[in-house]
Amino acid sequence: MSEARSWRIGNVQIVADQQVVVGEVTVEDGIITAITAAADAAQADDSIPYIDGKGGWLLPGFIDIHVHGGYGHDFMDATAEAYDGITKFHAANGTTTILATTVTASPERIEAVLKAAAAYRAGDMQYAELAGVHLEGPFISEKWPGAQNPAFIVPPQTEWLERWIAEWPALIKIMTLAPEKDGALAVIEWLRQQGIVASLGHTDATYDEVVTAVQHGLCHGVHTYNAMTGLHHRKPGTLGAMMTEDAITAELIADGHHVHPAAIKVLTRTKPADKLVLITDAMSAAGLGDGQYDLGGLAVDVRGGVATLHEGNSLAGSTLTMIEAFRFMLKHTELTVPEVSRLASANPAKVLGLEQQTGSISVGKRADLVWTDDNHQMLATWVKGRTVFSV
């Protein structure tokens with residue numbers, strides 16, 4: 001990995017502000033300082049090292065706001081070694097910013113993740129930047145546990161959360177819960193007051209219950225279509241509310257296993273362009289072969305890249321990477337490269353309130369960048385201008 005944070009890359013198709021510019025990007029001290037069209041590239045500063053982009057693509061770094069692990073590691077392991085392994089693996093697949101996502105567990109295990117994530121953020125993060133924590137559970141529905149351990153599901157309450165943000169302020173970025181549960185609306189209001197994204201997931205909520213939750217501050221939903229009440233023409237359910245409530249940003253696992261391509265097209269046509277986010281929901285098996293793995297203490301079988309609980313047949317996270325999700329969307333929808341880039345970078349940056357710093361290729365923003373060939377195979381990843389992956 002290179003520590004050089006000043007360089008130029010030219011002869012590349014740049015996805016900049018929802019348009020494609022063929023030309024050159026200049027990075028100085030980790031910040032994008034110029035975007036130059038090819039016709040003007042001759043005027044660039046030749047004193048800065050130059051990279052030939054070989055006609056490929058330069059994309060904003062991907063931001064994965066819902067990911068449990070990868071390459072044999074899980075964020076629940078709560079160690080620096082595991083976090084290095086996860087962030088290195090996902091950086092090699094285009095992710096430059098990541099949230100450590102928990103599963104439903106005891107408060108002690110969740111606290112261990114919070115402590116480890118805070119310590120990791122305070123250190124010298126070598127790969128993808130850990131921006132904070134996404135708490136998925138434990139305030140979810142017993143009817144829709146998915147791959148969450150039902151033994152640790154508890155009623156919504158603010159007591160744990162108050163203690164956690166007092167000890168680790170500004171670390172929790174997203175909290176996923178079932179909005180229909182007793183006490184959930186009060187927790188949603190409290191989350192909004194703290195600047196934490198209130199998200200629905202693993203929920204038995206009706207359409208009306210979700211609409212009410214939106215009025216109290218709910219603004220996000222995890223892995224759309226999965227672990228929620230579906231759409232019926234007389235009972236629109238959680239899914240109907242996610243599709244029609246523009247206040248809700250909808251996550252999507254674009255791997256062809258969690259959601260059929262036709263259903264993905266439906267979602268791209270119902271959600272506003274800035275309200276759909278690609279995620280991986282990747283577990284520790286991502287990047288590895290078939291076999292048996294662990295997710296929150298539950299045994300998971302991976303066959304043909306599909307992860308399911310050993311006991312039962314529920315999908316258990318994914319083995320997806322962000323670059324694979326990016327390519328899947330290009331192949332199976334009518335969206336353009338800039339439009340898919342928005343789902344993978346700009347939109348999640350907005351969810352996290354980081355849109356002034358990252359999420360797009362713009363002058364003054366961090367050089368969180370991904371270079372691919374013309375078929376979107378990975379060539380390099382930079383975080384704040386520093387090379388964290390290259391072929």
# chains A, B, ... in the order shown; residues from 1 in each chain; ligands from 1

call {"tool": "closest_atom_pairs", "arguments": {"of": "stretch 92-194 of chain A", "to": "stretch 346-359 of chain A", "cutoff": "9 Å", "atoms": "only C-alpha atoms", "output": "JSON lines"}}
result
{"residue": "A:Thr97", "atom": "CA", "partner": "A:Ala349", "partner_atom": "CA", "distance": 8.9}
{"residue": "A:Ala131", "atom": "CA", "partner": "A:Leu352", "partner_atom": "CA", "distance": 8.7}
{"residue": "A:Lys173", "atom": "CA", "partner": "A:Leu352", "partner_atom": "CA", "distance": 6.8}
{"residue": "A:Ile174", "atom": "CA", "partner": "A:Leu352", "partner_atom": "CA", "distance": 8.4}

call {"tool": "residues_around", "arguments": {"residues": "A:Val15", "least_positions_apart": "5", "cutoff": "12 Å", "atoms": "only C-alpha atoms", "output": "PyMOL selection string"}}
result
chain A and resi 20-25+35+56-61+336-342+345-346+359-362+369-372

call {"tool": "select_by_dssp", "arguments": {"residues": "stretch 305-376 of chain A", "states": "helix (DSSP H, G or I)", "output": "list in words"}}
result
Met322, Ile323, Glu324, Ala325, Phe326, Arg327, Phe328, Met329, Leu330, Lys331, His332, Val337, Pro338, Glu339, Val340, Ser341, Arg342, Leu343, Ala344, Ser345, Ala346, Asn347, Pro348, Ala349, Lys350 and Val351 of chain A

call {"tool": "residues_around", "arguments": {"residues": "stretch 247-259 of chain A", "least_positions_apart": "5", "cutoff": "8 Å", "atoms": "only C-alpha atoms", "output": "ChimeraX atom specification"}}
result
/A:214,218-226,242,264,271,274-281,306,315,320,324-325,328-329,351

call {"tool": "write_last_selection", "arguments": {"atoms": "N, CA and C atoms", "output": "compact mmCIF listing (two decimals), in the first residue's frame"}}
result
# COMPACT_ATOMS: atom_id res chain seq x y z
N VAL A 214 -42.99 6.79 10.61
CA VAL A 214 -42.36 7.86 9.81
C VAL A 214 -42.68 9.22 10.41
N LEU A 218 -38.96 7.83 11.80
CA LEU A 218 -38.39 6.71 11.05
C LEU A 218 -38.03 7.18 9.64
N CYS A 219 -36.83 6.84 9.17
CA CYS A 219 -36.42 7.36 7.86
C CYS A 219 -35.60 6.37 7.03
N HIS A 220 -35.56 5.11 7.44
CA HIS A 220 -34.70 4.15 6.76
C HIS A 220 -35.29 2.76 6.90
N GLY A 221 -34.93 1.86 5.99
CA GLY A 221 -35.37 0.47 6.08
C GLY A 221 -34.30 -0.45 5.55
N VAL A 222 -34.05 -1.55 6.27
CA VAL A 222 -32.97 -2.46 5.87
C VAL A 222 -33.47 -3.54 4.92
N HIS A 223 -32.53 -4.07 4.14
CA HIS A 223 -32.73 -5.15 3.16
C HIS A 223 -34.19 -5.29 2.70
N THR A 224 -34.62 -4.33 1.90
CA THR A 224 -35.99 -4.28 1.40
C THR A 224 -36.42 -5.61 0.80
N TYR A 225 -37.66 -5.97 1.08
CA TYR A 225 -38.32 -7.22 0.70
C TYR A 225 -38.07 -8.34 1.70
N ASN A 226 -36.94 -8.32 2.39
CA ASN A 226 -36.56 -9.42 3.26
C ASN A 226 -36.89 -9.13 4.73
N MET A 242 -42.60 1.11 2.52
CA MET A 242 -41.24 1.43 2.10
C MET A 242 -41.21 1.94 0.66
N ILE A 264 -36.25 -5.92 -8.15
CA ILE A 264 -35.29 -4.82 -8.07
C ILE A 264 -35.72 -3.69 -9.00
N LYS A 271 -38.94 4.17 -5.85
CA LYS A 271 -38.22 5.03 -4.91
C LYS A 271 -37.61 6.22 -5.64
N ASP A 274 -32.76 9.46 -4.90
CA ASP A 274 -31.85 9.63 -3.76
C ASP A 274 -32.28 8.83 -2.54
N LYS A 275 -33.23 7.90 -2.72
CA LYS A 275 -33.77 7.16 -1.58
C LYS A 275 -33.59 5.65 -1.70
N LEU A 276 -32.61 5.22 -2.48
CA LEU A 276 -32.31 3.81 -2.61
C LEU A 276 -30.81 3.63 -2.42
N VAL A 277 -30.43 2.62 -1.61
CA VAL A 277 -29.04 2.41 -1.22
C VAL A 277 -28.64 0.95 -1.43
N LEU A 278 -27.54 0.73 -2.12
CA LEU A 278 -26.99 -0.62 -2.22
C LEU A 278 -26.22 -0.97 -0.96
N ILE A 279 -26.42 -2.18 -0.48
CA ILE A 279 -25.66 -2.70 0.67
C ILE A 279 -25.22 -4.12 0.33
N THR A 280 -24.32 -4.68 1.14
CA THR A 280 -23.97 -6.09 0.95
C THR A 280 -24.65 -7.00 1.96
N ASP A 281 -24.84 -6.55 3.20
CA ASP A 281 -25.28 -7.43 4.30
C ASP A 281 -24.36 -8.65 4.38
N VAL A 306 -24.58 -18.88 -1.54
CA VAL A 306 -25.81 -18.49 -0.85
C VAL A 306 -25.74 -18.95 0.60
N LEU A 315 -32.43 -17.10 4.69
CA LEU A 315 -31.20 -16.49 4.23
C LEU A 315 -30.49 -15.85 5.41
N LEU A 320 -21.94 -11.21 -0.70
CA LEU A 320 -21.85 -10.16 -1.71
C LEU A 320 -20.76 -9.14 -1.39
N GLU A 324 -19.61 -6.29 -6.82
CA GLU A 324 -20.52 -7.27 -7.42
C GLU A 324 -21.93 -6.72 -7.49
N ALA A 325 -22.38 -6.04 -6.45
CA ALA A 325 -23.70 -5.42 -6.47
C ALA A 325 -23.78 -4.37 -7.56
N PHE A 328 -24.09 -6.12 -10.84
CA PHE A 328 -25.41 -6.75 -10.95
C PHE A 328 -26.46 -5.73 -11.37
N MET A 329 -26.41 -4.54 -10.78
CA MET A 329 -27.39 -3.50 -11.11
C MET A 329 -27.25 -3.04 -12.56
N VAL A 351 -27.17 9.38 3.86
CA VAL A 351 -27.76 8.73 5.04
C VAL A 351 -26.91 9.01 6.28

call {"tool": "closest_residue", "arguments": {"among": "A:Asp290, A:Val302, A:Val187, A:Tyr207", "to": "A:His232", "atoms": "only C-alpha atoms"}}
result
A:Tyr207

call {"tool": "atom_distance", "arguments": {"atom1": "atom CA of A:Tyr71", "atom2": "atom CA of A:His310"}}
result
19.6 Å

call {"tool": "residues_around", "arguments": {"residues": "A:Ala119", "least_positions_apart": "5", "cutoff": "12 Å", "atoms": "only C-alpha atoms", "output": "list in words"}}
result
Ala78, Thr79, Ala80, Tyr83, Ala112, Val113, Leu114, Asp124, Met125, Leu130, Gly132, Trp168 and Leu171 of chain A

call {"tool": "write_last_selection", "arguments": {"atoms": "N, CA and C atoms", "output": "PDB file, in the first residue's frame"}}
result
ATOM      1  N   ALA A  78     -15.216  -8.369  17.556  1.00  0.00           N
ATOM      2  CA  ALA A  78     -14.799  -7.236  18.403  1.00  0.00           C
ATOM      3  C   ALA A  78     -13.296  -7.206  18.670  1.00  0.00           C
ATOM      4  N   THR A  79     -12.504  -7.449  17.609  1.00  0.00           N
ATOM      5  CA  THR A  79     -11.057  -7.333  17.730  1.00  0.00           C
ATOM      6  C   THR A  79     -10.513  -6.491  16.589  1.00  0.00           C
ATOM      7  N   ALA A  80      -9.371  -5.864  16.839  1.00  0.00           N
ATOM      8  CA  ALA A  80      -8.731  -5.067  15.790  1.00  0.00           C
ATOM      9  C   ALA A  80      -8.317  -5.948  14.618  1.00  0.00           C
ATOM     10  N   TYR A  83     -11.326  -6.522  12.473  1.00  0.00           N
ATOM     11  CA  TYR A  83     -11.726  -5.302  11.776  1.00  0.00           C
ATOM     12  C   TYR A  83     -10.765  -4.980  10.648  1.00  0.00           C
ATOM     13  N   ALA A 112     -19.247  -4.822  23.540  1.00  0.00           N
ATOM     14  CA  ALA A 112     -17.894  -5.188  23.112  1.00  0.00           C
ATOM     15  C   ALA A 112     -17.613  -4.668  21.699  1.00  0.00           C
ATOM     16  N   VAL A 113     -18.624  -4.720  20.841  1.00  0.00           N
ATOM     17  CA  VAL A 113     -18.474  -4.189  19.482  1.00  0.00           C
ATOM     18  C   VAL A 113     -18.302  -2.672  19.517  1.00  0.00           C
ATOM     19  N   LEU A 114     -19.102  -2.002  20.314  1.00  0.00           N
ATOM     20  CA  LEU A 114     -18.993  -0.548  20.424  1.00  0.00           C
ATOM     21  C   LEU A 114     -17.609  -0.143  20.921  1.00  0.00           C
ATOM     22  N   ASP A 124      -5.035   4.021  13.523  1.00  0.00           N
ATOM     23  CA  ASP A 124      -4.664   4.310  12.143  1.00  0.00           C
ATOM     24  C   ASP A 124      -5.338   3.298  11.236  1.00  0.00           C
ATOM     25  N   MET A 125      -6.548   3.624  10.759  1.00  0.00           N
ATOM     26  CA  MET A 125      -7.294   2.702   9.907  1.00  0.00           C
ATOM     27  C   MET A 125      -6.592   2.581   8.555  1.00  0.00           C
ATOM     28  N   LEU A 130     -13.783   2.906   8.940  1.00  0.00           N
ATOM     29  CA  LEU A 130     -14.919   2.531   9.774  1.00  0.00           C
ATOM     30  C   LEU A 130     -15.566   3.815  10.293  1.00  0.00           C
ATOM     31  N   GLY A 132     -18.550   4.114  11.874  1.00  0.00           N
ATOM     32  CA  GLY A 132     -19.397   3.979  13.051  1.00  0.00           C
ATOM     33  C   GLY A 132     -20.046   2.619  13.081  1.00  0.00           C
ATOM     34  N   TRP A 168     -19.899   6.147  24.321  1.00  0.00           N
ATOM     35  CA  TRP A 168     -19.308   6.217  22.976  1.00  0.00           C
ATOM     36  C   TRP A 168     -20.103   7.203  22.124  1.00  0.00           C
ATOM     37  N   LEU A 171     -20.981   7.437  17.922  1.00  0.00           N
ATOM     38  CA  LEU A 171     -20.507   6.204  17.299  1.00  0.00           C
ATOM     39  C   LEU A 171     -21.628   5.439  16.603  1.00  0.00           C
TER      40      LEU A 171
END

call {"tool": "closest_residue", "arguments": {"among": "A:Asp301, A:Asp208, A:Glu136, A:Asp52", "to": "A:Pro236", "atoms": "only C-alpha atoms"}}
result
A:Asp208

call {"tool": "residues_around", "arguments": {"residues": "A:Pro138", "least_positions_apart": "5", "cutoff": "9 Å", "atoms": "only C-alpha atoms", "output": "PyMOL selection string"}}
result
chain A and resi 103-107+148+150+152-156+176-177

call {"tool": "write_last_selection", "arguments": {"atoms": "all heavy atoms", "output": "mmCIF file, in the first residue's frame"}}
result
data_model
loop_
_atom_site.group_PDB
_atom_site.id
_atom_site.type_symbol
_atom_site.label_atom_id
_atom_site.label_comp_id
_atom_site.auth_asym_id
_atom_site.auth_seq_id
_atom_site.Cartn_x
_atom_site.Cartn_y
_atom_site.Cartn_z
ATOM 1 N N VAL A 103 -25.477 -7.901 15.216
ATOM 2 C CA VAL A 103 -26.683 -8.729 15.160
ATOM 3 C C VAL A 103 -27.335 -8.683 16.534
ATOM 4 O O VAL A 103 -26.760 -8.175 17.501
ATOM 5 C CB VAL A 103 -26.355 -10.185 14.776
ATOM 6 C CG1 VAL A 103 -25.819 -10.272 13.359
ATOM 7 C CG2 VAL A 103 -25.371 -10.813 15.759
ATOM 8 N N THR A 104 -28.543 -9.204 16.609
ATOM 9 C CA THR A 104 -29.235 -9.282 17.886
ATOM 10 C C THR A 104 -28.429 -10.165 18.839
ATOM 11 O O THR A 104 -28.150 -11.331 18.541
ATOM 12 C CB THR A 104 -30.648 -9.847 17.682
ATOM 13 O OG1 THR A 104 -31.400 -8.894 16.915
ATOM 14 C CG2 THR A 104 -31.344 -10.105 19.002
ATOM 15 N N ALA A 105 -28.052 -9.580 19.964
ATOM 16 C CA ALA A 105 -27.156 -10.275 20.902
ATOM 17 C C ALA A 105 -27.366 -9.702 22.291
ATOM 18 O O ALA A 105 -28.174 -8.781 22.497
ATOM 19 C CB ALA A 105 -25.702 -10.109 20.459
ATOM 20 N N SER A 106 -26.633 -10.229 23.254
ATOM 21 C CA SER A 106 -26.705 -9.714 24.624
ATOM 22 C C SER A 106 -26.125 -8.303 24.651
ATOM 23 O O SER A 106 -25.289 -7.937 23.800
ATOM 24 C CB SER A 106 -25.904 -10.598 25.560
ATOM 25 O OG SER A 106 -24.512 -10.500 25.273
ATOM 26 N N PRO A 107 -26.529 -7.484 25.626
ATOM 27 C CA PRO A 107 -25.958 -6.138 25.713
ATOM 28 C C PRO A 107 -24.441 -6.163 25.882
ATOM 29 O O PRO A 107 -23.748 -5.282 25.383
ATOM 30 C CB PRO A 107 -26.673 -5.522 26.920
ATOM 31 C CG PRO A 107 -27.291 -6.655 27.669
ATOM 32 C CD PRO A 107 -27.560 -7.707 26.655
ATOM 33 N N GLN A 148 -31.300 -13.595 12.841
ATOM 34 C CA GLN A 148 -31.019 -13.019 14.157
ATOM 35 C C GLN A 148 -31.419 -14.044 15.226
ATOM 36 O O GLN A 148 -32.428 -14.722 15.092
ATOM 37 C CB GLN A 148 -31.823 -11.730 14.351
ATOM 38 C CG GLN A 148 -31.631 -10.697 13.253
ATOM 39 C CD GLN A 148 -30.401 -9.857 13.445
ATOM 40 O OE1 GLN A 148 -29.915 -9.677 14.556
ATOM 41 N NE2 GLN A 148 -29.877 -9.328 12.361
ATOM 42 N N PRO A 150 -33.230 -15.384 18.103
ATOM 43 C CA PRO A 150 -34.434 -14.961 18.820
ATOM 44 C C PRO A 150 -34.268 -14.945 20.334
ATOM 45 O O PRO A 150 -35.036 -14.272 21.033
ATOM 46 C CB PRO A 150 -35.497 -15.972 18.386
ATOM 47 C CG PRO A 150 -34.731 -17.163 17.908
ATOM 48 C CD PRO A 150 -33.451 -16.639 17.341
ATOM 49 N N PHE A 152 -32.234 -13.415 22.024
ATOM 50 C CA PHE A 152 -31.779 -12.122 22.519
ATOM 51 C C PHE A 152 -32.680 -10.966 22.097
ATOM 52 O O PHE A 152 -32.346 -9.800 22.316
ATOM 53 C CB PHE A 152 -30.342 -11.867 22.055
ATOM 54 C CG PHE A 152 -29.347 -12.834 22.632
ATOM 55 C CD1 PHE A 152 -28.788 -13.829 21.834
ATOM 56 C CD2 PHE A 152 -28.993 -12.782 23.966
ATOM 57 C CE1 PHE A 152 -27.877 -14.739 22.354
ATOM 58 C CE2 PHE A 152 -28.097 -13.686 24.511
ATOM 59 C CZ PHE A 152 -27.533 -14.674 23.697
ATOM 60 N N ILE A 153 -33.829 -11.275 21.498
ATOM 61 C CA ILE A 153 -34.781 -10.219 21.144
ATOM 62 C C ILE A 153 -35.407 -9.668 22.419
ATOM 63 O O ILE A 153 -35.875 -10.429 23.276
ATOM 64 C CB ILE A 153 -35.872 -10.753 20.195
ATOM 65 C CG1 ILE A 153 -35.252 -11.158 18.854
ATOM 66 C CG2 ILE A 153 -36.959 -9.710 19.982
ATOM 67 C CD1 ILE A 153 -36.232 -11.824 17.898
ATOM 68 N N VAL A 154 -35.423 -8.348 22.558
ATOM 69 C CA VAL A 154 -35.991 -7.695 23.741
ATOM 70 C C VAL A 154 -36.872 -6.524 23.300
ATOM 71 O O VAL A 154 -36.748 -6.042 22.171
ATOM 72 C CB VAL A 154 -34.881 -7.181 24.687
ATOM 73 C CG1 VAL A 154 -34.076 -8.336 25.252
ATOM 74 C CG2 VAL A 154 -33.968 -6.197 23.970
ATOM 75 N N PRO A 155 -37.770 -6.047 24.183
ATOM 76 C CA PRO A 155 -38.618 -4.909 23.833
ATOM 77 C C PRO A 155 -37.796 -3.638 23.640
ATOM 78 O O PRO A 155 -36.737 -3.469 24.260
ATOM 79 C CB PRO A 155 -39.546 -4.778 25.057
ATOM 80 C CG PRO A 155 -39.490 -6.097 25.738
ATOM 81 C CD PRO A 155 -38.111 -6.614 25.498
ATOM 82 N N PRO A 156 -38.262 -2.733 22.776
ATOM 83 C CA PRO A 156 -37.565 -1.465 22.582
ATOM 84 C C PRO A 156 -37.452 -0.682 23.887
ATOM 85 O O PRO A 156 -38.392 -0.643 24.684
ATOM 86 C CB PRO A 156 -38.461 -0.718 21.582
ATOM 87 C CG PRO A 156 -39.195 -1.798 20.859
ATOM 88 C CD PRO A 156 -39.430 -2.869 21.883
ATOM 89 N N THR A 176 -31.647 -0.300 13.825
ATOM 90 C CA THR A 176 -32.744 -0.997 13.170
ATOM 91 C C THR A 176 -33.605 -1.706 14.201
ATOM 92 O O THR A 176 -33.101 -2.447 15.050
ATOM 93 C CB THR A 176 -32.201 -2.020 12.153
ATOM 94 O OG1 THR A 176 -31.562 -1.315 11.084
ATOM 95 C CG2 THR A 176 -33.315 -2.881 11.591
ATOM 96 N N LEU A 177 -34.925 -1.455 14.101
ATOM 97 C CA LEU A 177 -35.881 -2.047 15.041
ATOM 98 C C LEU A 177 -37.199 -2.320 14.333
ATOM 99 O O LEU A 177 -37.385 -1.955 13.169
ATOM 100 C CB LEU A 177 -36.093 -1.125 16.243
ATOM 101 C CG LEU A 177 -36.312 0.388 16.043
ATOM 102 C CD1 LEU A 177 -37.598 0.695 15.308
ATOM 103 C CD2 LEU A 177 -36.313 1.096 17.381
#

call {"tool": "select_by_dssp", "arguments": {"residues": "stretch 56-224 of chain A", "states": "strand (DSSP E or B)", "output": "ChimeraX atom specification"}}
result
/A:57-60,62-67,69-70,73-74,95-101,129-136,172-177,197-200,203,220-221

call {"tool": "closest_residue", "arguments": {"among": "A:Ala151, A:Ile9, A:Ile32, A:Ile65", "to": "A:Tyr50", "atoms": "only C-alpha atoms"}}
result
A:Ile9

call {"tool": "closest_residue", "arguments": {"among": "A:Pro272, A:Gly53, A:Gly312, A:Gly304", "to": "A:Leu343", "atoms": "only C-alpha atoms"}}
result
A:Pro272

call {"tool": "atom_distance", "arguments": {"atom1": "atom CA of A:Phe326", "atom2": "atom CA of A:Leu298"}}
result
29.1 Å
